[in-house]
>>> print(open('run.cif').read())   # mmCIF, C-alpha atoms
data_model
#
loop_
_atom_site.label_atom_id
_atom_site.label_comp_id
_atom_site.auth_asym_id
_atom_site.auth_seq_id
_atom_site.Cartn_x
_atom_site.Cartn_y
_atom_site.Cartn_z
CA VAL A 1 118.52 76.92 138.43
CA ALA A 2 121.07 79.45 139.71
CA ASP A 3 122.13 80.26 136.15
CA GLN A 4 118.50 80.81 135.20
CA GLN A 5 117.95 83.15 138.18
CA LEU A 6 121.06 85.14 137.30
CA ALA A 7 120.04 85.39 133.63
CA THR A 8 116.60 86.64 134.64
CA TYR A 9 118.12 89.19 137.00
CA ILE A 10 120.50 90.52 134.31
CA LYS A 11 117.60 90.84 131.87
CA LEU A 12 115.53 92.75 134.45
CA ALA A 13 118.46 95.09 135.18
CA VAL A 14 119.02 95.73 131.47
CA ASP A 15 115.31 96.49 131.11
CA GLN A 16 115.70 99.12 133.84
CA VAL A 17 118.56 100.74 131.94
CA ARG A 18 116.53 100.87 128.74
CA ASP A 19 113.20 101.85 130.26
CA PRO A 20 113.41 102.73 133.97
CA TYR A 21 110.30 102.01 135.99
CA ARG A 22 108.77 105.15 137.47
CA PHE A 23 108.17 104.51 141.16
CA GLU A 24 105.32 106.39 142.81
CA PRO A 25 105.75 107.79 146.35
CA LEU A 26 103.84 104.74 147.59
CA HIS A 27 104.68 101.69 145.50
CA SER A 28 102.74 98.43 145.71
CA SER A 29 104.55 95.14 145.14
CA LEU A 30 104.25 93.84 141.59
CA ARG A 31 103.10 90.21 141.81
CA GLU A 32 101.74 89.62 138.29
CA PRO A 33 102.18 88.82 135.46
CA PHE A 34 105.75 88.48 136.84
CA ASP A 35 106.06 87.96 140.61
CA TYR A 36 108.94 90.25 141.61
CA TYR A 37 108.41 89.48 145.31
CA GLU A 38 108.98 85.74 144.92
CA PHE A 39 111.80 86.33 142.44
CA GLY A 40 113.66 88.41 145.02
CA LYS A 41 113.28 85.62 147.55
CA ARG A 42 114.45 82.94 145.09
CA PHE A 43 117.45 85.03 144.07
CA PHE A 44 118.72 85.73 147.60
CA ALA A 45 117.64 82.49 149.30
CA PRO A 46 120.90 80.69 148.37
CA MET A 47 122.81 83.43 150.22
CA VAL A 48 120.97 82.79 153.50
CA SER A 49 122.27 79.79 155.41
CA LEU A 50 119.15 78.99 157.40
CA ASN A 51 120.80 76.44 159.67
CA GLU A 52 123.27 79.13 160.77
CA SER A 53 120.60 81.82 161.15
CA VAL A 54 118.89 83.00 164.33
CA ILE A 55 115.43 84.44 164.99
CA LEU A 56 114.84 85.93 168.44
CA GLY A 57 111.55 87.37 169.68
CA GLU A 58 109.09 85.04 168.00
CA GLU A 59 106.48 85.88 170.61
CA GLN A 60 106.62 89.47 169.34
CA LEU A 61 106.27 88.31 165.73
CA ALA A 62 103.20 86.27 166.65
CA ARG A 63 101.76 89.26 168.50
CA MET A 64 102.36 91.48 165.47
CA THR A 65 100.31 89.21 163.22
CA GLU A 66 97.47 89.26 165.75
CA GLN A 67 97.56 93.04 166.03
CA LEU A 68 97.53 93.49 162.26
CA ALA A 69 94.59 91.09 161.94
CA ALA A 70 92.76 93.20 164.53
CA GLY A 71 93.20 96.32 162.36
CA GLU A 72 96.00 97.85 164.44
CA ASN A 73 99.22 99.23 162.97
CA ILE A 74 102.82 98.13 163.38
CA VAL A 75 105.89 100.33 162.93
CA ILE A 76 109.22 98.50 163.08
CA PHE A 77 112.30 100.60 163.84
CA SER A 78 115.33 98.66 162.64
CA ASN A 79 118.99 99.01 161.93
CA HIS A 80 119.89 98.41 158.27
CA GLN A 81 122.89 96.57 156.86
CA ILE A 82 122.27 95.47 153.26
CA GLU A 83 119.99 96.59 150.44
CA PRO A 84 117.88 93.41 150.48
CA ASP A 85 117.18 93.48 154.25
CA PRO A 86 113.38 93.35 153.64
CA THR A 87 113.86 90.39 151.29
CA VAL A 88 115.95 88.60 153.92
CA LEU A 89 113.07 89.12 156.36
CA SER A 90 110.75 87.44 153.86
CA ILE A 91 113.11 84.50 153.48
CA LEU A 92 113.28 84.06 157.27
CA LEU A 93 109.64 84.67 158.15
CA ASP A 94 107.24 83.89 155.29
CA ASP A 95 106.84 80.19 156.04
CA LYS A 96 105.75 80.73 159.66
CA TYR A 97 104.25 84.23 159.39
CA PRO A 98 102.84 84.35 155.83
CA THR A 99 100.83 87.56 156.28
CA LEU A 100 103.60 89.72 157.73
CA CYS A 101 106.28 90.51 155.13
CA PRO A 102 104.16 90.41 151.94
CA LYS A 103 102.09 93.30 153.33
CA MET A 104 104.99 95.15 154.94
CA ILE A 105 105.77 98.65 153.64
CA SER A 106 109.49 99.42 153.64
CA VAL A 107 110.62 103.03 153.84
CA ALA A 108 113.17 103.35 151.04
CA GLY A 109 115.62 105.94 149.78
CA ASP A 110 115.84 106.90 146.12
CA ARG A 111 118.88 104.74 145.38
CA VAL A 112 117.02 101.43 145.51
CA THR A 113 114.57 102.75 142.91
CA THR A 114 117.05 104.48 140.57
CA ASP A 115 119.93 101.98 140.50
CA PRO A 116 119.14 99.50 137.68
CA MET A 117 120.71 96.69 139.73
CA ALA A 118 118.50 97.38 142.75
CA ALA A 119 115.23 98.34 141.04
CA PRO A 120 114.21 94.78 140.01
CA MET A 121 114.23 93.75 143.65
CA SER A 122 112.47 96.95 144.73
CA LEU A 123 109.63 96.25 142.32
CA GLY A 124 108.70 93.27 144.48
CA ARG A 125 108.39 95.24 147.71
CA ASN A 126 105.77 97.63 149.05
CA LEU A 127 107.75 100.85 149.32
CA LEU A 128 107.30 104.30 150.77
CA ASN A 129 109.82 106.17 148.65
CA ILE A 130 111.48 109.04 150.49
CA TYR A 131 114.45 111.19 149.52
CA SER A 132 116.92 110.98 152.39
CA LYS A 133 118.34 114.03 154.13
CA ARG A 134 121.67 113.13 152.55
CA HIS A 135 120.32 113.30 148.98
CA ILE A 136 117.51 115.85 149.10
CA GLU A 137 119.88 118.80 148.60
CA ASN A 138 121.45 117.47 145.41
CA PRO A 139 120.94 118.78 142.81
CA PRO A 140 119.82 122.10 144.36
CA GLU A 141 117.32 122.83 141.58
CA ARG A 142 115.32 119.70 142.51
CA LYS A 143 115.27 120.31 146.24
CA GLU A 144 111.71 121.69 146.38
CA GLN A 145 110.43 118.95 144.05
CA LYS A 146 111.94 116.29 146.30
CA ARG A 147 110.58 117.96 149.41
CA ALA A 148 107.07 118.01 147.88
CA HIS A 149 107.46 114.32 146.96
CA ASN A 150 108.34 113.47 150.58
CA GLN A 151 105.40 115.42 151.95
CA ARG A 152 103.00 113.66 149.57
CA ALA A 153 104.42 110.26 150.54
CA MET A 154 103.95 110.93 154.26
CA ARG A 155 100.37 112.13 153.72
CA MET A 156 99.62 108.91 151.85
CA LEU A 157 101.11 106.85 154.68
CA GLY A 158 99.08 108.79 157.23
CA ASP A 159 95.91 107.91 155.33
CA LEU A 160 96.90 104.24 155.31
CA LEU A 161 97.58 104.20 159.05
CA ALA A 162 94.19 105.81 159.65
CA GLY A 163 92.67 102.85 157.85
CA GLY A 164 94.51 100.43 160.13
CA GLY A 165 96.17 97.06 159.60
CA GLN A 166 99.45 98.46 158.23
CA CYS A 167 102.98 97.23 158.90
CA VAL A 168 105.84 99.64 158.21
CA TRP A 169 109.57 98.87 158.39
CA ILE A 170 111.92 101.85 158.69
CA ALA A 171 115.64 102.24 159.31
CA PRO A 172 115.78 105.62 161.11
CA SER A 173 119.56 105.91 160.68
CA GLY A 174 118.93 106.80 157.03
CA GLY A 175 121.59 104.40 155.76
CA ARG A 176 123.37 101.09 156.18
CA ASP A 177 125.59 100.13 159.10
CA ARG A 178 129.36 100.20 158.52
CA PRO A 179 132.36 98.95 160.51
CA SER A 180 132.86 101.27 163.45
CA GLY A 181 136.19 102.51 164.77
CA GLU A 182 134.45 103.08 168.09
CA PHE A 183 133.89 99.31 168.34
CA ALA A 184 137.24 98.06 167.01
CA GLY A 185 135.97 97.70 163.46
CA ALA A 186 132.84 95.73 164.37
CA VAL A 187 129.63 96.41 162.45
CA MET A 188 127.21 97.99 164.91
CA PRO A 189 123.85 99.77 164.47
CA ALA A 190 124.22 103.36 163.29
CA PRO A 191 122.53 106.03 165.46
CA PHE A 192 118.91 106.86 164.67
CA ASP A 193 117.83 110.22 163.28
CA GLU A 194 115.51 111.97 165.73
CA LYS A 195 113.28 113.45 163.03
CA ASN A 196 112.64 110.04 161.48
CA VAL A 197 111.59 108.46 164.75
CA ASP A 198 109.45 111.40 165.82
CA MET A 199 107.69 111.60 162.46
CA PHE A 200 106.37 108.06 162.86
CA ARG A 201 105.49 108.70 166.49
CA LEU A 202 103.38 111.64 165.31
CA LEU A 203 101.73 109.58 162.57
CA GLY A 204 100.83 106.94 165.12
CA ALA A 205 99.41 109.55 167.48
CA GLN A 206 97.29 111.05 164.67
CA ALA A 207 95.94 107.65 163.63
CA LEU A 208 94.87 107.06 167.23
CA LYS A 209 93.38 110.53 167.72
CA HIS A 210 91.48 110.85 164.44
CA ALA A 211 90.69 107.23 163.53
CA GLN A 212 91.02 105.34 166.82
CA ARG A 213 93.71 103.12 165.27
CA LYS A 214 96.40 101.98 167.68
CA THR A 215 100.01 101.89 166.42
CA HIS A 216 102.56 99.58 168.05
CA PHE A 217 106.26 100.49 167.81
CA TYR A 218 108.71 97.58 167.81
CA PRO A 219 112.54 97.59 167.87
CA MET A 220 114.14 95.14 165.43
CA SER A 221 117.83 94.28 165.30
CA MET A 222 119.23 92.78 162.11
CA TYR A 223 122.57 91.12 161.36
CA THR A 224 122.82 90.58 157.60
CA TYR A 225 126.05 92.42 156.78
CA PRO A 226 128.17 89.41 155.60
CA ILE A 227 125.82 88.52 152.74
CA THR A 228 126.57 91.62 150.65
CA PRO A 229 128.50 94.29 152.60
CA PRO A 230 127.99 97.91 151.54
CA PRO A 231 130.99 99.94 150.35
CA ASP A 232 133.01 101.52 153.15
CA LYS A 233 132.44 104.97 151.69
CA ILE A 234 129.03 106.56 152.25
CA GLY A 235 127.35 108.49 149.45
CA GLY A 236 129.11 107.00 146.43
CA GLN A 237 127.71 106.96 142.92
CA VAL A 238 124.77 104.79 141.85
CA GLY A 239 126.07 101.46 140.57
CA GLU A 240 128.13 100.28 143.54
CA GLU A 241 129.96 96.95 143.40
CA ARG A 242 128.06 94.07 145.03
CA ILE A 243 129.70 90.95 146.39
CA LEU A 244 127.44 88.08 147.44
CA ARG A 245 128.27 85.41 150.02
CA ARG A 246 126.34 82.58 151.67
CA LYS A 247 126.18 83.28 155.41
CA GLY A 248 123.98 82.96 158.45
CA VAL A 249 121.88 85.99 159.38
CA GLY A 250 119.92 87.01 162.43
CA ILE A 251 117.03 89.14 163.62
CA ALA A 252 115.87 90.02 167.12
CA VAL A 253 112.49 91.64 167.76
CA GLY A 254 112.10 93.37 171.09
CA GLU A 255 109.01 94.21 173.13
CA ALA A 256 106.87 97.04 171.76
CA ILE A 257 107.60 100.51 173.15
CA ASP A 258 104.66 102.92 173.50
CA LEU A 259 106.33 106.00 172.03
CA VAL A 260 103.10 108.00 172.14
CA ALA A 261 102.75 107.48 175.89
CA VAL A 262 106.47 108.08 176.50
CA ALA A 263 106.34 111.35 174.56
CA GLU A 264 103.25 112.58 176.38
CA SER A 265 105.02 112.15 179.73
CA LEU A 266 107.94 114.37 178.71
CA PRO A 267 108.47 118.12 178.27
CA LYS A 268 108.19 118.97 174.58
CA ALA A 269 111.88 119.94 174.32
CA GLU A 270 112.96 116.46 175.44
CA ARG A 271 110.57 114.31 173.40
CA ARG A 272 112.53 113.73 170.23
CA SER A 273 115.83 112.92 171.82
CA THR A 274 114.35 110.72 174.54
CA ILE A 275 112.08 108.56 172.39
CA THR A 276 114.83 108.18 169.78
CA GLN A 277 117.39 107.11 172.36
CA THR A 278 114.88 104.75 173.99
CA MET A 279 114.21 102.97 170.69
CA PHE A 280 117.87 102.93 169.65
CA ASP A 281 118.98 101.55 173.00
CA ALA A 282 116.54 98.65 172.58
CA VAL A 283 117.84 97.90 169.07
CA PHE A 284 121.48 98.18 170.18
CA THR A 285 121.07 95.98 173.26
CA ASN A 286 119.14 93.31 171.35
CA TYR A 287 121.74 93.44 168.56
CA LYS A 288 124.53 92.61 170.99
CA GLY A 289 122.46 89.73 172.34
CA LEU A 290 121.82 88.53 168.80
CA LEU A 291 125.53 88.47 168.00
CA GLU A 292 126.22 86.51 171.16
CA GLN A 293 123.56 83.97 170.23
CA MET A 294 124.95 83.58 166.71
CA GLN A 295 128.48 83.00 168.00
CA ARG A 296 127.47 80.06 170.19
#
>>> encode(input="run.cif", output="structure tokens")
Amino acid sequence: VADQQLATYIKLAVDQVRDPYRFEPLHSSLREPFDYYEFGKRFFAPMVSLNESVILGEEQLARMTEQLAAGENIVIFSNHQIEPDPTVLSILLDDKYPTLCPKMISVAGDRVTTDPMAAPMSLGRNLLNIYSKRHIENPPERKEQKRAHNQRAMRMLGDLLAGGGQCVWIAPSGGRDRPSGEFAGAVMPAPFDEKNVDMFRLLGAQALKHAQRKTHFYPMSMYTYPITPPPDKIGGQVGEERILRRKGVGIAVGEAIDLVAVAESLPKAERRSTITQTMFDAVFTNYKGLLEQMQR
């Protein structure tokens, strides 16, 4: 079976080299005639040692499903460690929470849609495709085109949130966590970008003001790094080496934080930094608790 999965994956990657799929700003998971979502789960499932994995905050996960069913929105602010983080979430959660991950929209950078090795997995996810701050300037002649793409993508997401019942997963750091010299080489959550957090706070506020759709903001901490660690160097060329290992993983979902209410209570000059730090502190604290739980 493993050989068959690998052969299928190689064929899909070669297909991307020959005829790259053109991802729209808002991409919907391709489930037929070939189910890319389930293929991604089958491919990475052997790498996830479930009996060594930890899920904390199940009461929040249950509450999320109820809120989505009621037509409310969910935005998950998470750290990010490996390319298939959303797929790992599906592997961990689909059996108990079958409506959560299949509908989740992951905010993605351009690399997971342009790298032929990553694109087959991306085809199975709902994606909001955004050019990151790191890549929008290069090449300079495409800067305005990329900026227009990002603006169109955010308008489309705003329309979806106004309709309600949306779940969005975003890693506001803009990249994957790496070993930190500040923490003796340990892999810790990278700081969040204030603009990314505030943008989603504003979208939530607009959905509430113009469409009476409540948006709930949840912190999520993820430990997935050992499965396929990213390269130490940030910003390398497309086509990075990938090493796969079977390991336990963990997620911790914290209590929702009402960023709209927090922001309204603050002077405008302090809003971005305060709401970003509040959300990051929750992710960081829960991450440390998750590591402690996994080491028991």
>>> closest_residue(input="run.cif", among="A:Gln212, A:Ala162, A:Gly250, A:Val75", to="Met279 of chain A", atoms="all atoms listed in the file")
A:Val75
>>> closest_residue(input="run.cif", among="A:Gly175, A:Pro229, A:Pro25, A:Pro20", to="Met156 of chain A", atoms="all atoms listed in the file")
A:Pro25
>>> atom_distance(input="run.cif", atom1="atom CA of Asp258 of chain A", atom2="atom CA of Arg178 of chain A")
29.0 Å
>>> atom_distance(input="run.cif", atom1="atom CA of Arg111 of chain A", atom2="atom CA of Gln277 of chain A")
27.1 Å
>>> residues_around(input="run.cif", residues="Met222 of chain A", least_positions_apart="3", cutoff="10 Å", atoms="all atoms listed in the file", output="number ranges by chain")
A: 55, 78-82, 85, 88-89, 188-189, 225, 249-253, 283-284, 286-287, 290-291
>>> closest_residue(input="run.cif", among="A:Glu72, A:Asp115, A:Glu194, A:Asp94", to="Leu161 of chain A", atoms="all atoms listed in the file")
A:Glu72
>>> residues_around(input="run.cif", residues="Thr114 of chain A", least_positions_apart="6", cutoff="12 Å", atoms="all atoms listed in the file", output="list in words")
Ala13, Gln16, Val17, Asp19, Pro20, Tyr21, Arg22, Phe23, Ala108, Pro120, Met121, Ser122, Leu123, Asn129, Tyr131, Gln237, Val238 and Gly239 of chain A
>>> residues_around(input="run.cif", residues="Ser273 of chain A", least_positions_apart="3", cutoff="12 Å", atoms="only C-alpha atoms", output="NGL selection string")
:A and (191-198 or 259 or 262-263 or 266-270 or 276-281)
>>> resolve_selection(input="run.cif", expression="the PyMOL selection byres ((chain A and resi 12) around 10)", output="VMD selection string")
chain A and resid 6 to 11 13 to 18 116 to 121
>>> residues_near_point(input="run.cif", point="(120.7, 80.3, 155.9)", cutoff="12 Å", atoms="all atoms listed in the file", output="list in words")
Phe44, Ala45, Pro46, Met47, Val48, Ser49, Leu50, Asn51, Glu52, Ser53, Val54, Ile55, Val88, Leu89, Ile91, Leu92, Thr224, Pro226, Ile227, Arg245, Arg246, Lys247, Gly248, Val249 and Gly250 of chain A
>>> closest_residue(input="run.cif", among="A:Arg152, A:Arg271, A:Ala205, A:Lys41", to="Ser90 of chain A", atoms="all atoms listed in the file")
A:Lys41
>>> residues_around(input="run.cif", residues="Gly163 of chain A", least_positions_apart="2", cutoff="12 Å", atoms="only C-alpha atoms", output="count of residues only")
24
>>> resolve_selection(input="run.cif", expression="the PyMOL selection byres ((chain A and resi 77) around 7)", output="PyMOL selection string")
chain A and resi 75-76+78+169-172+218-220
>>> closest_residue(input="run.cif", among="A:Ala256, A:Phe34, A:Glu141, A:Pro179", to="Pro231 of chain A", atoms="all atoms listed in the file")
A:Pro179
>>> atom_distance(input="run.cif", atom1="atom CA of Leu202 of chain A", atom2="atom CA of Gly254 of chain A")
21.1 Å
>>> closest_residue(input="run.cif", among="A:Val107, A:Ile130, A:Ala148, A:Leu56", to="Ser221 of chain A", atoms="only C-alpha atoms")
A:Leu56
>>> build_atoms(input="run.cif", residues="segment 106-128 of chain A", atoms="N, CA, C and O atoms", output="PDB file, in the frame of the given file")
ATOM      1  N   SER A 106     108.135  99.026 153.265  1.00  0.00           N
ATOM      2  CA  SER A 106     109.490  99.420 153.640  1.00  0.00           C
ATOM      3  C   SER A 106     109.735 100.860 153.231  1.00  0.00           C
ATOM      4  O   SER A 106     109.442 101.251 152.095  1.00  0.00           O
ATOM      5  N   VAL A 107     110.249 101.647 154.158  1.00  0.00           N
ATOM      6  CA  VAL A 107     110.620 103.030 153.840  1.00  0.00           C
ATOM      7  C   VAL A 107     111.961 102.990 153.127  1.00  0.00           C
ATOM      8  O   VAL A 107     112.938 102.462 153.660  1.00  0.00           O
ATOM      9  N   ALA A 108     111.994 103.519 151.903  1.00  0.00           N
ATOM     10  CA  ALA A 108     113.170 103.350 151.040  1.00  0.00           C
ATOM     11  C   ALA A 108     113.684 104.692 150.545  1.00  0.00           C
ATOM     12  O   ALA A 108     112.907 105.613 150.287  1.00  0.00           O
ATOM     13  N   GLY A 109     115.007 104.780 150.403  1.00  0.00           N
ATOM     14  CA  GLY A 109     115.620 105.940 149.780  1.00  0.00           C
ATOM     15  C   GLY A 109     115.565 105.822 148.269  1.00  0.00           C
ATOM     16  O   GLY A 109     115.172 104.786 147.714  1.00  0.00           O
ATOM     17  N   ASP A 110     115.987 106.878 147.577  1.00  0.00           N
ATOM     18  CA  ASP A 110     115.840 106.900 146.120  1.00  0.00           C
ATOM     19  C   ASP A 110     116.810 105.963 145.414  1.00  0.00           C
ATOM     20  O   ASP A 110     116.563 105.564 144.275  1.00  0.00           O
ATOM     21  N   ARG A 111     117.890 105.568 146.067  1.00  0.00           N
ATOM     22  CA  ARG A 111     118.880 104.740 145.380  1.00  0.00           C
ATOM     23  C   ARG A 111     118.328 103.374 144.978  1.00  0.00           C
ATOM     24  O   ARG A 111     118.667 102.851 143.923  1.00  0.00           O
ATOM     25  N   VAL A 112     117.510 102.771 145.835  1.00  0.00           N
ATOM     26  CA  VAL A 112     117.020 101.430 145.510  1.00  0.00           C
ATOM     27  C   VAL A 112     115.954 101.451 144.418  1.00  0.00           C
ATOM     28  O   VAL A 112     115.535 100.410 143.942  1.00  0.00           O
ATOM     29  N   THR A 113     115.527 102.651 144.022  1.00  0.00           N
ATOM     30  CA  THR A 113     114.570 102.750 142.910  1.00  0.00           C
ATOM     31  C   THR A 113     115.220 103.300 141.640  1.00  0.00           C
ATOM     32  O   THR A 113     114.646 103.171 140.556  1.00  0.00           O
ATOM     33  N   THR A 114     116.408 103.907 141.752  1.00  0.00           N
ATOM     34  CA  THR A 114     117.050 104.480 140.570  1.00  0.00           C
ATOM     35  C   THR A 114     118.243 103.663 140.077  1.00  0.00           C
ATOM     36  O   THR A 114     118.636 103.796 138.918  1.00  0.00           O
ATOM     37  N   ASP A 115     118.825 102.842 140.923  1.00  0.00           N
ATOM     38  CA  ASP A 115     119.930 101.980 140.500  1.00  0.00           C
ATOM     39  C   ASP A 115     119.346 100.791 139.744  1.00  0.00           C
ATOM     40  O   ASP A 115     118.551 100.028 140.301  1.00  0.00           O
ATOM     41  N   PRO A 116     119.715 100.594 138.468  1.00  0.00           N
ATOM     42  CA  PRO A 116     119.140  99.500 137.680  1.00  0.00           C
ATOM     43  C   PRO A 116     119.387  98.114 138.275  1.00  0.00           C
ATOM     44  O   PRO A 116     118.630  97.187 138.019  1.00  0.00           O
ATOM     45  N   MET A 117     120.434  97.979 139.105  1.00  0.00           N
ATOM     46  CA  MET A 117     120.710  96.690 139.730  1.00  0.00           C
ATOM     47  C   MET A 117     119.826  96.448 140.953  1.00  0.00           C
ATOM     48  O   MET A 117     119.596  95.297 141.344  1.00  0.00           O
ATOM     49  N   ALA A 118     119.348  97.516 141.559  1.00  0.00           N
ATOM     50  CA  ALA A 118     118.500  97.380 142.750  1.00  0.00           C
ATOM     51  C   ALA A 118     117.015  97.421 142.415  1.00  0.00           C
ATOM     52  O   ALA A 118     116.202  96.793 143.103  1.00  0.00           O
ATOM     53  N   ALA A 119     116.643  98.138 141.361  1.00  0.00           N
ATOM     54  CA  ALA A 119     115.230  98.340 141.040  1.00  0.00           C
ATOM     55  C   ALA A 119     114.452  97.051 140.831  1.00  0.00           C
ATOM     56  O   ALA A 119     113.293  96.961 141.274  1.00  0.00           O
ATOM     57  N   PRO A 120     115.008  96.016 140.174  1.00  0.00           N
ATOM     58  CA  PRO A 120     114.210  94.780 140.010  1.00  0.00           C
ATOM     59  C   PRO A 120     113.770  94.176 141.327  1.00  0.00           C
ATOM     60  O   PRO A 120     112.668  93.620 141.426  1.00  0.00           O
ATOM     61  N   MET A 121     114.614  94.261 142.346  1.00  0.00           N
ATOM     62  CA  MET A 121     114.230  93.750 143.650  1.00  0.00           C
ATOM     63  C   MET A 121     113.227  94.683 144.330  1.00  0.00           C
ATOM     64  O   MET A 121     112.302  94.240 145.017  1.00  0.00           O
ATOM     65  N   SER A 122     113.385  95.975 144.127  1.00  0.00           N
ATOM     66  CA  SER A 122     112.470  96.950 144.730  1.00  0.00           C
ATOM     67  C   SER A 122     111.066  96.825 144.176  1.00  0.00           C
ATOM     68  O   SER A 122     110.087  97.090 144.879  1.00  0.00           O
ATOM     69  N   LEU A 123     110.950  96.403 142.927  1.00  0.00           N
ATOM     70  CA  LEU A 123     109.630  96.250 142.320  1.00  0.00           C
ATOM     71  C   LEU A 123     108.777  95.231 143.071  1.00  0.00           C
ATOM     72  O   LEU A 123     107.546  95.291 143.040  1.00  0.00           O
ATOM     73  N   GLY A 124     109.430  94.297 143.762  1.00  0.00           N
ATOM     74  CA  GLY A 124     108.700  93.270 144.480  1.00  0.00           C
ATOM     75  C   GLY A 124     108.296  93.646 145.892  1.00  0.00           C
ATOM     76  O   GLY A 124     107.619  92.868 146.573  1.00  0.00           O
ATOM     77  N   ARG A 125     108.696  94.825 146.340  1.00  0.00           N
ATOM     78  CA  ARG A 125     108.390  95.240 147.710  1.00  0.00           C
ATOM     79  C   ARG A 125     107.347  96.359 147.719  1.00  0.00           C
ATOM     80  O   ARG A 125     107.242  97.136 146.768  1.00  0.00           O
ATOM     81  N   ASN A 126     106.585  96.444 148.803  1.00  0.00           N
ATOM     82  CA  ASN A 126     105.770  97.630 149.050  1.00  0.00           C
ATOM     83  C   ASN A 126     106.704  98.693 149.603  1.00  0.00           C
ATOM     84  O   ASN A 126     107.362  98.465 150.625  1.00  0.00           O
ATOM     85  N   LEU A 127     106.771  99.833 148.945  1.00  0.00           N
ATOM     86  CA  LEU A 127     107.750 100.850 149.320  1.00  0.00           C
ATOM     87  C   LEU A 127     107.100 102.206 149.559  1.00  0.00           C
ATOM     88  O   LEU A 127     106.215 102.628 148.802  1.00  0.00           O
ATOM     89  N   LEU A 128     107.552 102.876 150.596  1.00  0.00           N
ATOM     90  CA  LEU A 128     107.300 104.300 150.770  1.00  0.00           C
ATOM     91  C   LEU A 128     108.593 104.979 150.373  1.00  0.00           C
ATOM     92  O   LEU A 128     109.600 104.875 151.078  1.00  0.00           O
TER      93      LEU A 128
END
